[in-house]
Amino acid sequence: MTDQIVFLMLADRIFLSEPKMTCLYTLMFYNVISYCISYIKELIEKENWSPYVTLTERSKIKHLAMSATKIVLEWTKAVTFIVTLTFTLVVFGLEQGLEHYKPSTIYTMTTWIYYSATEKIFVQMFPSMLKFLRLEVFENLEDLYAPVILKTFTIAVSALFVVILVPVASWRFLLIAIYLNVYLKLKDLVRKSGPALKLEREMLNHCRKATAEEIQRFDDICAVCLCNMIKARITPCHHLFHADCLRQCLKTNETCPICKREFGFQSVSTR
């Protein structure tokens with residue numbers, strides 16, 4: 001939340017002539033939206049709607065204390081959701097205390113995109129959005145590409161805003177922004193997200209991409225998942241697999257899934 005506040009303060013100074021705590025109001029509204037989406041998502045994904053907790057998974061004997069706790073928690077979540085949503089609607093409807101809150105369209109769009117790229121609920125949903133696009137360039141590595149894309153975006157935008165504000169803003173504030181929004185995120189990208197993606201890519205790059213003619217000639221069925229192949233990787237022993245299927249196999253064994261030939265390079269699991 002700290003880096004979100006700092007970024008919103010940067011946006012205040014760039015897009016608004018009279019900020020007047022606009023960043024705090026904006027963050028409050030964004031947090032309400034995030035909470036509502038999180039609660040709705042939880043309801044959609046919920047599998048067990050029973051208010052009771054049994055002693056074991058297969059037992060029908062109800063645990064009274066745990067069941068009571070679960071019921072109280074579920075009702076608390078529901079009441080909190082209704083109160084939060086009602087309060088927000090009332091505030092927007094009455095506009096009490098919001099006479100100075102006049103964010104521009106570009107301010108709202110920019111801050112919302114940044115907030116979405118840094119808020120946990122949206123960060124968790126981003127890989128699913130990438131998978132929905134079914135872009136071949138990702139080769140089913142969306143879970144690893146997602147944090148790299150988000151961190152790169154937030155670092156770039158924050159750095160751009162800092163550069164724009166160099167002539168007018170306090171150097172202390174800019175140093176804080178550089179440390180929180182640029183340095184720490186860049187450090188995490190270089191040490192964690194980037195290397196994880198790089199290792200997976202390096203492992204796949206030992207097996208070149210197969211051409212359409214090769215896929216057709218060798219029968220377009222992956223021997224691992226038994227599904228058709230539009231894109232594939234070809235091993236040094238000339239066997240074709242989906243990139244993700246081959247990657248999963250190489251995590252446990254450095255041999256071809258068909259002929260068991262050793263490829264002679266370290267898998268991700270051993271690095």
# chains A, B, ... in the order shown; residues from 1 in each chain; ligands from 1

$ select_by_dssp --residues "segment 140-216 of chain A" --states "helix (DSSP H, G or I)" --output "short mmCIF file (atom, residue, chain, number, x, y, z; two decimals) with C-alpha atoms, in the first residue's frame"
data_model
loop_
_atom_site.label_atom_id
_atom_site.label_comp_id
_atom_site.auth_asym_id
_atom_site.auth_seq_id
_atom_site.Cartn_x
_atom_site.Cartn_y
_atom_site.Cartn_z
CA GLU A 142 1.92 -17.17 -18.26
CA ASP A 143 2.40 -17.72 -14.52
CA LEU A 144 6.06 -16.71 -14.90
CA TYR A 145 5.53 -13.97 -17.48
CA ALA A 146 2.80 -12.25 -15.44
CA PRO A 147 4.96 -10.94 -12.54
CA VAL A 148 7.70 -9.88 -14.96
CA ILE A 149 5.23 -7.90 -17.08
CA LEU A 150 3.56 -6.26 -14.08
CA LYS A 151 6.80 -5.32 -12.32
CA THR A 152 8.36 -4.00 -15.53
CA PHE A 153 5.28 -1.86 -16.17
CA THR A 154 5.13 -0.40 -12.65
CA ILE A 155 8.87 0.31 -12.60
CA ALA A 156 8.75 2.04 -15.98
CA VAL A 157 5.74 4.22 -15.12
CA SER A 158 7.12 5.18 -11.72
CA ALA A 159 10.52 6.06 -13.18
CA LEU A 160 8.86 8.16 -15.90
CA PHE A 161 6.82 10.11 -13.34
CA VAL A 162 9.91 10.75 -11.22
CA VAL A 163 11.81 12.10 -14.22
CA ILE A 164 8.90 14.40 -15.14
CA LEU A 165 8.77 15.78 -11.58
CA TRP A 171 14.17 15.82 -3.98
CA ARG A 172 13.42 14.00 -0.71
CA PHE A 173 10.02 12.92 -1.97
CA LEU A 174 11.54 11.83 -5.28
CA LEU A 175 14.21 9.78 -3.49
CA ILE A 176 11.51 8.02 -1.48
CA ALA A 177 9.59 7.32 -4.68
CA ILE A 178 12.71 5.98 -6.40
CA TYR A 179 13.49 3.69 -3.48
CA LEU A 180 9.98 2.30 -2.94
CA ASN A 181 8.57 2.24 -6.46
CA VAL A 182 11.67 1.67 -8.56
CA TYR A 183 14.58 0.20 -6.60
CA LEU A 184 12.70 -2.35 -4.48
CA LYS A 185 10.60 -3.56 -7.41
CA LEU A 186 13.64 -3.72 -9.69
CA LYS A 187 15.50 -5.69 -7.01
CA ASP A 188 12.65 -8.21 -6.79
CA LEU A 189 12.47 -8.44 -10.58
CA VAL A 190 16.20 -9.07 -10.94
CA ARG A 191 16.48 -11.56 -8.06
CA LYS A 192 13.22 -13.53 -8.28
CA SER A 193 10.76 -13.07 -11.14
CA GLY A 194 13.32 -12.54 -13.90
CA PRO A 195 15.62 -15.51 -13.09
CA ALA A 196 12.65 -17.88 -12.68
CA LEU A 197 11.39 -17.05 -16.16
CA LYS A 198 14.91 -17.11 -17.61
CA LEU A 199 15.60 -20.63 -16.30
CA GLU A 200 12.41 -21.98 -17.85
CA ARG A 201 13.13 -20.26 -21.15
CA GLU A 202 16.71 -21.54 -21.22
CA MET A 203 15.51 -25.09 -20.68
CA LEU A 204 13.04 -24.84 -23.56
CA ASN A 205 15.56 -23.15 -25.82
CA ALA A 212 4.57 -26.51 -39.48
CA GLU A 213 5.94 -29.03 -42.00
CA GLU A 214 7.73 -30.98 -39.26
CA ILE A 215 4.60 -31.08 -37.10
CA GLN A 216 2.57 -32.41 -40.02
#

$ residues_around --residues "Trp112 of chain A" --least-positions-apart "6" --cutoff "10 Å" --atoms "only C-alpha atoms" --output "list of chain:residue names"
A:Leu8, A:Thr26, A:Leu27, A:Tyr30, A:Ile106, A:Thr118

$ closest_residue --among "A:Phe29, A:Tyr107, A:Tyr115, A:Phe138" --to "Ile14 of chain A" --atoms "only C-alpha atoms"
A:Tyr107

$ select_by_dssp --residues "segment 5-223 of chain A" --states "strand (DSSP E or B)" --output "VMD selection string"
chain A and resid 54 62 209 221

$ closest_residue --among "A:Ile234, A:Val6, A:Val137, A:Leu240" --to "Asp219 of chain A" --atoms "only C-alpha atoms"
A:Leu240

$ atom_distance --atom1 "atom CA of Ile230 of chain A" --atom2 "atom CA of Phe132 of chain A"
16.9 Å

$ decode --residues "segment 174-185 of chain A" --atoms "all heavy atoms" --output "PDB file, in the first residue's frame"
ATOM      1  N   LEU A 174      11.149  12.589  -4.100  1.00  0.00           N
ATOM      2  CA  LEU A 174      11.541  11.826  -5.282  1.00  0.00           C
ATOM      3  C   LEU A 174      12.456  10.657  -4.911  1.00  0.00           C
ATOM      4  O   LEU A 174      12.357   9.571  -5.492  1.00  0.00           O
ATOM      5  CB  LEU A 174      12.235  12.743  -6.294  1.00  0.00           C
ATOM      6  CG  LEU A 174      11.348  13.824  -6.941  1.00  0.00           C
ATOM      7  CD1 LEU A 174      12.153  14.650  -7.929  1.00  0.00           C
ATOM      8  CD2 LEU A 174      10.144  13.202  -7.625  1.00  0.00           C
ATOM      9  N   LEU A 175      13.338  10.873  -3.938  1.00  0.00           N
ATOM     10  CA  LEU A 175      14.211   9.783  -3.489  1.00  0.00           C
ATOM     11  C   LEU A 175      13.399   8.660  -2.850  1.00  0.00           C
ATOM     12  O   LEU A 175      13.678   7.478  -3.060  1.00  0.00           O
ATOM     13  CB  LEU A 175      15.248  10.309  -2.493  1.00  0.00           C
ATOM     14  CG  LEU A 175      16.395  11.142  -3.078  1.00  0.00           C
ATOM     15  CD1 LEU A 175      17.316  11.646  -1.968  1.00  0.00           C
ATOM     16  CD2 LEU A 175      17.201  10.325  -4.092  1.00  0.00           C
ATOM     17  N   ILE A 176      12.381   9.031  -2.079  1.00  0.00           N
ATOM     18  CA  ILE A 176      11.512   8.019  -1.477  1.00  0.00           C
ATOM     19  C   ILE A 176      10.778   7.241  -2.567  1.00  0.00           C
ATOM     20  O   ILE A 176      10.664   6.006  -2.510  1.00  0.00           O
ATOM     21  CB  ILE A 176      10.500   8.689  -0.523  1.00  0.00           C
ATOM     22  CG1 ILE A 176      11.229   9.278   0.682  1.00  0.00           C
ATOM     23  CG2 ILE A 176       9.445   7.683  -0.066  1.00  0.00           C
ATOM     24  CD1 ILE A 176      10.332  10.078   1.611  1.00  0.00           C
ATOM     25  N   ALA A 177      10.297   7.963  -3.574  1.00  0.00           N
ATOM     26  CA  ALA A 177       9.593   7.318  -4.682  1.00  0.00           C
ATOM     27  C   ALA A 177      10.516   6.380  -5.456  1.00  0.00           C
ATOM     28  O   ALA A 177      10.123   5.271  -5.834  1.00  0.00           O
ATOM     29  CB  ALA A 177       9.006   8.377  -5.618  1.00  0.00           C
ATOM     30  N   ILE A 178      11.748   6.817  -5.682  1.00  0.00           N
ATOM     31  CA  ILE A 178      12.714   5.981  -6.398  1.00  0.00           C
ATOM     32  C   ILE A 178      13.012   4.711  -5.607  1.00  0.00           C
ATOM     33  O   ILE A 178      13.084   3.614  -6.171  1.00  0.00           O
ATOM     34  CB  ILE A 178      14.020   6.766  -6.666  1.00  0.00           C
ATOM     35  CG1 ILE A 178      13.763   7.883  -7.680  1.00  0.00           C
ATOM     36  CG2 ILE A 178      15.122   5.839  -7.167  1.00  0.00           C
ATOM     37  CD1 ILE A 178      14.952   8.814  -7.880  1.00  0.00           C
ATOM     38  N   TYR A 179      13.162   4.852  -4.311  1.00  0.00           N
ATOM     39  CA  TYR A 179      13.487   3.687  -3.479  1.00  0.00           C
ATOM     40  C   TYR A 179      12.333   2.691  -3.412  1.00  0.00           C
ATOM     41  O   TYR A 179      12.532   1.486  -3.617  1.00  0.00           O
ATOM     42  CB  TYR A 179      13.857   4.144  -2.066  1.00  0.00           C
ATOM     43  CG  TYR A 179      14.165   2.997  -1.131  1.00  0.00           C
ATOM     44  CD1 TYR A 179      15.377   2.309  -1.212  1.00  0.00           C
ATOM     45  CD2 TYR A 179      13.234   2.584  -0.170  1.00  0.00           C
ATOM     46  CE1 TYR A 179      15.657   1.242  -0.372  1.00  0.00           C
ATOM     47  CE2 TYR A 179      13.511   1.519   0.677  1.00  0.00           C
ATOM     48  CZ  TYR A 179      14.722   0.856   0.574  1.00  0.00           C
ATOM     49  OH  TYR A 179      14.985  -0.207   1.406  1.00  0.00           O
ATOM     50  N   LEU A 180      11.127   3.184  -3.135  1.00  0.00           N
ATOM     51  CA  LEU A 180       9.983   2.298  -2.939  1.00  0.00           C
ATOM     52  C   LEU A 180       9.419   1.758  -4.253  1.00  0.00           C
ATOM     53  O   LEU A 180       9.111   0.565  -4.362  1.00  0.00           O
ATOM     54  CB  LEU A 180       8.870   3.042  -2.179  1.00  0.00           C
ATOM     55  CG  LEU A 180       9.169   3.427  -0.729  1.00  0.00           C
ATOM     56  CD1 LEU A 180       8.021   4.227  -0.139  1.00  0.00           C
ATOM     57  CD2 LEU A 180       9.414   2.176   0.109  1.00  0.00           C
ATOM     58  N   ASN A 181       9.285   2.625  -5.237  1.00  0.00           N
ATOM     59  CA  ASN A 181       8.571   2.240  -6.455  1.00  0.00           C
ATOM     60  C   ASN A 181       9.472   1.771  -7.589  1.00  0.00           C
ATOM     61  O   ASN A 181       8.982   1.172  -8.543  1.00  0.00           O
ATOM     62  CB  ASN A 181       7.714   3.409  -6.951  1.00  0.00           C
ATOM     63  CG  ASN A 181       6.568   3.728  -6.005  1.00  0.00           C
ATOM     64  OD1 ASN A 181       6.734   3.686  -4.804  1.00  0.00           O
ATOM     65  ND2 ASN A 181       5.405   4.042  -6.558  1.00  0.00           N
ATOM     66  N   VAL A 182      10.758   2.068  -7.487  1.00  0.00           N
ATOM     67  CA  VAL A 182      11.668   1.672  -8.557  1.00  0.00           C
ATOM     68  C   VAL A 182      12.695   0.655  -8.045  1.00  0.00           C
ATOM     69  O   VAL A 182      12.766  -0.479  -8.534  1.00  0.00           O
ATOM     70  CB  VAL A 182      12.390   2.888  -9.176  1.00  0.00           C
ATOM     71  CG1 VAL A 182      13.361   2.438 -10.261  1.00  0.00           C
ATOM     72  CG2 VAL A 182      11.367   3.864  -9.756  1.00  0.00           C
ATOM     73  N   TYR A 183      13.483   1.052  -7.054  1.00  0.00           N
ATOM     74  CA  TYR A 183      14.583   0.200  -6.603  1.00  0.00           C
ATOM     75  C   TYR A 183      14.112  -1.136  -6.045  1.00  0.00           C
ATOM     76  O   TYR A 183      14.614  -2.196  -6.447  1.00  0.00           O
ATOM     77  CB  TYR A 183      15.418   0.946  -5.551  1.00  0.00           C
ATOM     78  CG  TYR A 183      16.461   0.061  -4.891  1.00  0.00           C
ATOM     79  CD1 TYR A 183      17.617  -0.314  -5.586  1.00  0.00           C
ATOM     80  CD2 TYR A 183      16.278  -0.414  -3.589  1.00  0.00           C
ATOM     81  CE1 TYR A 183      18.560  -1.130  -4.988  1.00  0.00           C
ATOM     82  CE2 TYR A 183      17.219  -1.227  -2.996  1.00  0.00           C
ATOM     83  CZ  TYR A 183      18.359  -1.590  -3.705  1.00  0.00           C
ATOM     84  OH  TYR A 183      19.280  -2.414  -3.113  1.00  0.00           O
ATOM     85  N   LEU A 184      13.157  -1.106  -5.109  1.00  0.00           N
ATOM     86  CA  LEU A 184      12.701  -2.346  -4.479  1.00  0.00           C
ATOM     87  C   LEU A 184      12.040  -3.288  -5.482  1.00  0.00           C
ATOM     88  O   LEU A 184      12.250  -4.510  -5.449  1.00  0.00           O
ATOM     89  CB  LEU A 184      11.731  -2.039  -3.333  1.00  0.00           C
ATOM     90  CG  LEU A 184      12.339  -1.362  -2.103  1.00  0.00           C
ATOM     91  CD1 LEU A 184      11.284  -1.162  -1.024  1.00  0.00           C
ATOM     92  CD2 LEU A 184      13.503  -2.188  -1.546  1.00  0.00           C
ATOM     93  N   LYS A 185      11.253  -2.729  -6.387  1.00  0.00           N
ATOM     94  CA  LYS A 185      10.599  -3.560  -7.411  1.00  0.00           C
ATOM     95  C   LYS A 185      11.618  -4.100  -8.408  1.00  0.00           C
ATOM     96  O   LYS A 185      11.529  -5.254  -8.843  1.00  0.00           O
ATOM     97  CB  LYS A 185       9.516  -2.752  -8.132  1.00  0.00           C
ATOM     98  CG  LYS A 185       8.303  -2.447  -7.269  1.00  0.00           C
ATOM     99  CD  LYS A 185       7.248  -1.710  -8.065  1.00  0.00           C
ATOM    100  CE  LYS A 185       6.031  -1.440  -7.193  1.00  0.00           C
ATOM    101  NZ  LYS A 185       5.350  -2.675  -6.782  1.00  0.00           N
TER     102      LYS A 185
END
